[in-house]
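First comes the structure, then the notes that go with it.
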Amino acid sequence: MNGNTVGLTIDRKTMSVPPGTTILEAASAAGIRIPTLCHMKLEDLEYENNPGACRICVVEVEGRRNLAPACKTECTEGMVVHTHTPRVMNARRTVMELILSNHPAECLTCSKNGYCDLQKVAHDLGIREIRYRGEESVFVPDRSPAIVRDMNKCIMCRRCETACNTIQTVGALTAVNRGFRAVVATAFGRDMAGSTCSYCGQCVSVCPTGALSGRSHTDEVLKALADPEKIVIAQTAPAVRTALGRDFGYEAGTLVTGKMVSALRELGFDYVFDTDFAADLTIMEEGTEFLNRLRAEDADGERAKLPLMTSCCPGWVSFVEQHYPELLPRLSTARSPQQMFGSVAKRYFARLLGVERRRLVVVSVMPCLAKKYECSRLEFAVDGNPDVDVSIYTRELARLIRYANIDFRALPDGEFDRPFGESTGAGVIFGTTGGVIEAAMRTAYELYTGRPLPEIEFVRLRGMEGIRSATVDFDGKPVRIGIAHGLGNARRLVEEVLAGKSPYDAIEVMACPGGCIGGGGQPFHRGNMEVLRCRADALYREDAGKPLRKSHENPCVQELYREVLEEPCGPKAHEWLHTRYFDRKNGGTEDSGPEK
């Protein structure tokens with residue numbers, strides 16, 4: 001030991017680690033796997049869930065009478081550790097059998113089947129029977145518009161609680177009760193729909209069992225596809241194409257755009273469109289709104305309307321409505337790309353086809369659970385008919401593809417239909433943190449200055465730091481940009497705005513770590529930021545390969561304005577493409593909360 005390291009032996013491997021390193025961390029660094037359930041550490045997010053509750057990670061330390069939890073025990077000089085002695089393995093099996101003693105035996109029908117950490121650890125430990133049959137809990141599953149919470153499957157690992165309250169600072173989950181009835185429930189005894197839940201789905205992403213899962217709408221999709229009277233349209237978000245392949249054996253970040261399009265056609269969709277088109281449309285509206293506020297500031301020096309905050313992330317919008325309704329006037333009124341697409345499809349495309357809007361079924365394929373909640377909001381419907389009928393997440397699309405026995409890897413590369421399949425590189429990068437504001441700056445710069453961009457890529461807006469900032473020179477006018485991903489980081493920027501200390505003109509917020517690429521509906525990445533970086537890099541590659549890379553250059557968007565919308569942020573555009581927000585801090589809803 002030299003003061004900077006601690007020497008120890010694990011399974012006959014000698015090593016040196018920094019002081020304060022746990023046995024679990026030391027073993028992992030040495031390539032020795034110790035199973036865990038409650039422990040989860042995400043270095044990039046500065047997040048660690050470490051209650052030491054499950055005791056699956058126990059190891060034997062020479063000289064100690066009792067087995068030690070590897071996740072809580074720090075390494076000491078000369079320590080000798082054994083991770084798989086008969087005593088250790090017997091203890092782990094016993095602990096697992098006790099955990100399973102009151103766990104519902106629903107593996108075949110559970111949404112986490114095949115992705116369940118509890119299932120995997122039980123398999124690795126060779127559990128073939130449950131020797132200790134206990135009383136089973138009888139909680140009723142709680143179904144919100146986006147998330148299903150089944151406390152009967154909760155093993156009190158508290159990962160979800162840490163993700164919700166520490167990373168996201170939403171405060172919707174809390175541990176309740178003791179002993180047999182101890183579970184993580186919603187705060188204040190409310191159901192999820194009545195809680196402060198933003199539907200970001202990060203709790204689902206880290207849950208090791210089926211206690212938390214996304215609400216499935218695949219049956220509604222199959223029903224629509226089977227109805228000969230319906231014209232079923234799919235729209236696919238940019239982040240889906242860089243993650244879907246993971247469920248079919250592709251490396252992280254592999255773009256499977258063409259195969260995704262072909263798979264949707266094989267499933268029976270009549271038209272397959274690209275949400276990237278609507279992302280370009282969003283930039284036209286949001287970018288124009290920003291320029292209008294910026295020019296107003298130039299004219300009278302009034303900063304009351306700045307910074308403008310992006311509004312394309314429904315988890316973030318819900319967070320503001322529930323926690324900071326006083327900031328609703330700063331949110332852009334532009335709808336998200338999902339909702340802009342639905343509005344244009346039900347109004348414009350239905351007219352092109354010569355059919356009533358009710359004959360169209362718009363299905364969005366999103367990386368996000370909050371999109372399910374968003375499309376159910378009453379303001380996104382006309383005479384009770386929603387603009388987007390169903391939103392499914394990436395994992396649901398993978399299930400549908402497997403359900404239909406489609407050989408995904410053998411599919412040819414298809415192309416999106418027109419007119420809503422044409423998009424620019426700016427629309428593609430919407431899927432990653434910093435992408436929305438970069439896309440907006442590409443258009444806003446040229447509209448403000450009347451000059452072409454000297455460099456199209458705003459590299460300083462990219463990255464995975466939780467909070468980033470940059471200044472863009474609009475031909476002598478400094479435009480200050482703030483970026484946050486993860487609601488905990490967003491809260492820090494919000495507090496600056498409330499205190500009157502925000503230096504920014506525009507702020508982009510995405511609720512999920514990494515942005516949409518890390519959404520709660522994506523193939524599980526368990527907080528692996530390297531996976532998210534690969535997904536982001538794929539979107540930037542697709543952007544770089546596009547012939548058009550600025551939203552205002554999209555010819556289909558230009559045609560839509562000429563034929564219908566007339567001008568960005570004009571009366572018709574406001575009717576079709578903008579929205580309103582509600583103060584829901586004290587339980588208000590779309591029906592009862594005061595409009596902002």
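The chains in the structure tokens are called A, B, ... from first to last as shown; in each chain the residues are counted from 1, and the ligands are counted from 1 in the order shown.
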Exercise for review: Please identify all polymer residues within 9 Å of Asn152 (chain A), counting only C-alpha atoms, omitting same-chain residues fewer than 3 positions from it, and present them as a ChimeraX atom specification.
Suggested key: /A:102-104,136-141,149,155,183,211
Grab the residues selected above and save them as a short mmCIF file (atom, residue, chain, number, x, y, z; two decimals), in the first residue's frame with N, CA and C atoms.
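The resulting file, result-v7.cif, is reproduced below:
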data_model
loop_
_atom_site.label_atom_id
_atom_site.label_comp_id
_atom_site.auth_asym_id
_atom_site.auth_seq_id
_atom_site.Cartn_x
_atom_site.Cartn_y
_atom_site.Cartn_z
N ASN A 102 -42.79 -14.95 -2.59
CA ASN A 102 -44.09 -14.27 -2.78
C ASN A 102 -44.14 -13.51 -4.10
N HIS A 103 -43.22 -13.86 -5.00
CA HIS A 103 -43.21 -13.18 -6.30
C HIS A 103 -44.17 -13.89 -7.25
N PRO A 104 -45.01 -13.15 -7.98
CA PRO A 104 -45.96 -13.80 -8.89
C PRO A 104 -45.25 -14.66 -9.93
N GLU A 136 -48.82 -14.43 -0.84
CA GLU A 136 -48.61 -13.52 -1.96
C GLU A 136 -49.36 -12.22 -1.73
N SER A 137 -48.73 -11.11 -2.10
CA SER A 137 -49.40 -9.82 -1.96
C SER A 137 -50.51 -9.69 -3.00
N VAL A 138 -51.43 -8.81 -2.74
CA VAL A 138 -52.62 -8.70 -3.59
C VAL A 138 -52.87 -7.24 -4.00
N PHE A 139 -51.81 -6.55 -4.36
CA PHE A 139 -51.98 -5.18 -4.84
C PHE A 139 -52.64 -5.20 -6.22
N VAL A 140 -53.46 -4.21 -6.49
CA VAL A 140 -54.12 -4.08 -7.80
C VAL A 140 -53.21 -3.27 -8.72
N PRO A 141 -52.87 -3.76 -9.91
CA PRO A 141 -52.00 -3.01 -10.83
C PRO A 141 -52.56 -1.62 -11.12
N ARG A 149 -47.85 -0.04 -13.18
CA ARG A 149 -47.10 -0.31 -11.94
C ARG A 149 -47.78 -1.47 -11.23
N ILE A 155 -39.55 -5.81 -5.71
CA ILE A 155 -38.63 -6.51 -4.80
C ILE A 155 -37.88 -5.52 -3.91
N VAL A 183 -43.11 -1.87 -0.22
CA VAL A 183 -43.02 -1.69 -1.67
C VAL A 183 -42.64 -0.24 -1.95
N ALA A 211 -42.26 -4.97 -12.21
CA ALA A 211 -43.02 -4.09 -11.32
C ALA A 211 -43.38 -2.78 -12.02
#
Practice item. Just the residues within 8 Å of Gly210 (chain A), please, counting only C-alpha atoms, with nothing from its chain fewer than 3 positions along; format it as an NGL selection string. Key: :A and (110-112 or 116 or 150 or 153-154 or 207 or 213)
Contact table region 148-255 of chain A vs region 345-363 of chain A, cut-off 7 Å, shortest pair per residue, only C-alpha atoms, as CSV:
residue,atom,partner,partner_atom,distance
A:Glu229,CA,A:Arg359,CA,6.8
A:Lys230,CA,A:Arg359,CA,5.1
A:Ile231,CA,A:Leu360,CA,4.9
A:Val232,CA,A:Val361,CA,4.7
A:Ile233,CA,A:Val362,CA,4.9
A:Ala234,CA,A:Val363,CA,4.9
A:Gln235,CA,A:Val363,CA,6.4
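By chain and then residue number, the residues within 10 Å of Pro386 (chain A) are Gln339, Gly342, Ser343, Lys346, Arg357, Arg358, Val361, Val362, Cys375, Ser376, Arg377, Leu378, Glu379, Phe380, Ala381, Val382, Asp383, Asp389 and Val390 of chain A, counting only C-alpha atoms and disregarding those fewer than 3 positions away in sequence.
Shortest atom-to-atom contact with Leu548 (chain A) among A:Ala506, A:Ala470, A:Phe408, A:Gly427: A:Gly427, counting only C-alpha atoms.
Here the question is which of A:Val557, A:Glu567, A:Gly126, A:Ile167 gets nearest to Pro419 (chain A) using only C-alpha atoms, and that residue is A:Val557.
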Fewer than 3 positions away in the same chain doesn't count, so skip those; otherwise give me all residues within 9 Å of Ser195 (chain A), counting only C-alpha atoms, as a PDB file with C-alpha atoms, in the first residue's frame.
ATOM      1  CA  GLY A 171     -40.674  12.880  -6.651  1.00  0.00           C
ATOM      2  CA  ALA A 172     -43.448  10.571  -7.798  1.00  0.00           C
ATOM      3  CA  LEU A 173     -42.224   7.410  -6.015  1.00  0.00           C
ATOM      4  CA  THR A 186     -46.500   6.559  -5.620  1.00  0.00           C
ATOM      5  CA  ALA A 187     -46.077   9.486  -3.282  1.00  0.00           C
ATOM      6  CA  PHE A 188     -49.002  10.529  -1.071  1.00  0.00           C
ATOM      7  CA  GLY A 189     -50.906   7.348  -1.875  1.00  0.00           C
ATOM      8  CA  ARG A 190     -52.108   8.574  -5.264  1.00  0.00           C
ATOM      9  CA  ASP A 191     -52.253   6.487  -8.409  1.00  0.00           C
ATOM     10  CA  MET A 192     -49.713   7.331 -11.110  1.00  0.00           C
ATOM     11  CA  SER A 198     -43.978  13.032 -15.874  1.00  0.00           C
ATOM     12  CA  GLY A 587     -54.029  18.471  -9.401  1.00  0.00           C
TER      13      GLY A 587
END
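Take the candidates A:Gly315, A:Pro503, A:Gly486, A:Gly253 and check each one against Thr471 (chain A) using only C-alpha atoms; the shortest distance goes to A:Pro503.
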Exercise for review: Check region 356-483 of chain A with DSSP on the backbone and list each residue it calls helix (DSSP H, G or I), as JSON, numbers by chain.
Suggested key: {"A": [357, 358, 359, 370, 371, 372, 373, 374, 375, 376, 378, 379, 380, 394, 395, 396, 397, 398, 399, 400, 401, 402, 403, 408, 409, 410, 425, 426, 427, 428, 429, 430, 431, 435, 436, 437, 438, 439, 440, 441, 442, 443, 444, 445, 446, 447, 448, 449, 459, 460, 461]}
Go ahead and save the residues from that selection, with C-alpha atoms, as an mmCIF file, in the first residue's frame.
data_model
loop_
_atom_site.group_PDB
_atom_site.id
_atom_site.type_symbol
_atom_site.label_atom_id
_atom_site.label_comp_id
_atom_site.auth_asym_id
_atom_site.auth_seq_id
_atom_site.Cartn_x
_atom_site.Cartn_y
_atom_site.Cartn_z
ATOM 1 C CA ARG A 357 -60.353 12.010 -40.806
ATOM 2 C CA ARG A 358 -61.983 9.241 -38.751
ATOM 3 C CA ARG A 359 -61.018 6.696 -41.393
ATOM 4 C CA ALA A 370 -44.641 10.050 -22.375
ATOM 5 C CA LYS A 371 -45.804 10.163 -25.997
ATOM 6 C CA LYS A 372 -48.629 7.814 -25.014
ATOM 7 C CA TYR A 373 -49.831 10.363 -22.499
ATOM 8 C CA GLU A 374 -49.306 13.229 -24.927
ATOM 9 C CA CYS A 375 -51.490 11.823 -27.690
ATOM 10 C CA SER A 376 -54.293 11.186 -25.175
ATOM 11 C CA LEU A 378 -57.839 16.382 -24.986
ATOM 12 C CA GLU A 379 -56.453 19.425 -26.794
ATOM 13 C CA PHE A 380 -54.939 17.146 -29.448
ATOM 14 C CA THR A 394 -39.602 0.896 -29.795
ATOM 15 C CA ARG A 395 -39.817 -2.315 -27.769
ATOM 16 C CA GLU A 396 -43.480 -2.673 -28.754
ATOM 17 C CA LEU A 397 -42.577 -2.457 -32.440
ATOM 18 C CA ALA A 398 -39.968 -5.175 -31.899
ATOM 19 C CA ARG A 399 -42.664 -7.351 -30.286
ATOM 20 C CA LEU A 400 -45.007 -6.801 -33.236
ATOM 21 C CA ILE A 401 -42.269 -7.767 -35.689
ATOM 22 C CA ARG A 402 -41.562 -10.975 -33.781
ATOM 23 C CA TYR A 403 -45.301 -11.627 -33.386
ATOM 24 C CA PHE A 408 -36.040 -8.576 -39.704
ATOM 25 C CA ARG A 409 -32.420 -9.088 -40.735
ATOM 26 C CA ALA A 410 -33.458 -10.521 -44.127
ATOM 27 C CA GLY A 425 -30.514 16.200 -41.521
ATOM 28 C CA ALA A 426 -31.845 18.740 -39.047
ATOM 29 C CA GLY A 427 -34.908 16.559 -38.471
ATOM 30 C CA VAL A 428 -32.767 13.476 -37.875
ATOM 31 C CA ILE A 429 -30.729 14.931 -35.015
ATOM 32 C CA PHE A 430 -33.894 15.734 -33.040
ATOM 33 C CA GLY A 431 -33.372 12.331 -31.428
ATOM 34 C CA GLY A 435 -30.149 18.123 -31.613
ATOM 35 C CA VAL A 436 -33.314 20.209 -31.410
ATOM 36 C CA ILE A 437 -31.510 23.442 -30.638
ATOM 37 C CA GLU A 438 -28.826 22.729 -33.262
ATOM 38 C CA ALA A 439 -31.527 22.164 -35.872
ATOM 39 C CA ALA A 440 -33.240 25.383 -34.764
ATOM 40 C CA MET A 441 -30.025 27.379 -34.971
ATOM 41 C CA ARG A 442 -29.352 26.204 -38.540
ATOM 42 C CA THR A 443 -32.638 27.727 -39.643
ATOM 43 C CA ALA A 444 -32.820 30.683 -37.230
ATOM 44 C CA TYR A 445 -29.360 31.919 -38.210
ATOM 45 C CA GLU A 446 -30.165 32.083 -41.911
ATOM 46 C CA LEU A 447 -33.613 33.612 -41.406
ATOM 47 C CA TYR A 448 -32.225 36.228 -39.002
ATOM 48 C CA THR A 449 -29.105 37.210 -40.931
ATOM 49 C CA VAL A 459 -20.344 20.898 -32.654
ATOM 50 C CA ARG A 460 -20.201 22.933 -29.442
ATOM 51 C CA LEU A 461 -23.884 22.136 -28.861
#
Study note, to complete from the structure: Residue with the minimum atom-to-atom distance to Cys368 (chain A), picked from A:Ala146, A:Ala163, A:Val256, A:Met156 with only C-alpha atoms counted, is A:Ala146
Practice item. Would you mind listing what lies within 7 Å of Ser262 (chain A) as a ChimeraX atom specification, with only C-alpha atoms counted and same-chain residues fewer than 3 positions away left out? Key: /A:258-259,265-266,411-414
With only C-alpha atoms as the counted atoms, please give the residues lying no more than 8 Å from Ala193 (chain A), apart from itself and same-chain residues fewer than 3 positions off, as a PDB file with C-alpha atoms, in the first residue's frame.
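Result went into around.pdb, see below:
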ATOM      1  CA  ARG A 143     -52.441   1.657 -15.075  1.00  0.00           C
ATOM      2  CA  SER A 144     -51.672   5.203 -16.156  1.00  0.00           C
ATOM      3  CA  PRO A 145     -51.837   6.325 -19.802  1.00  0.00           C
ATOM      4  CA  ARG A 190     -52.108   8.574  -5.264  1.00  0.00           C
ATOM      5  CA  CYS A 197     -45.269  11.478 -12.641  1.00  0.00           C
TER       6      CYS A 197
END
Practice item. Tell me, as an MDAnalysis selection string, which residues lie within 10 Å of Cys200 (chain A), counting only C-alpha atoms; anything in the same chain fewer than 2 positions away does not count. Key: chainID A and resid 146:147 164 168 170 197:198 202:205 313:316 318:319 368:371 486:487 510:512 519:521
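The spacing separating CA of Arg181 (chain A) from CA of Leu100 (chain A) amounts to 14.4 Å.
From CA of Met96 (chain A) back to CA of Arg33 (chain A), the distance works out to 17.0 Å.
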Review point. In terms of the shortest atom-to-atom distance over only C-alpha atoms, which of A:Glu422, A:Ile56, A:Asp473, A:Asn177 is closest to Lys546 (chain A)?
Key: A:Glu422
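The residue that comes closest to Asn90 (chain A), out of A:Asp276, A:Glu60, A:Glu74, A:Glu508 and on the basis of only C-alpha atoms, is A:Glu60.
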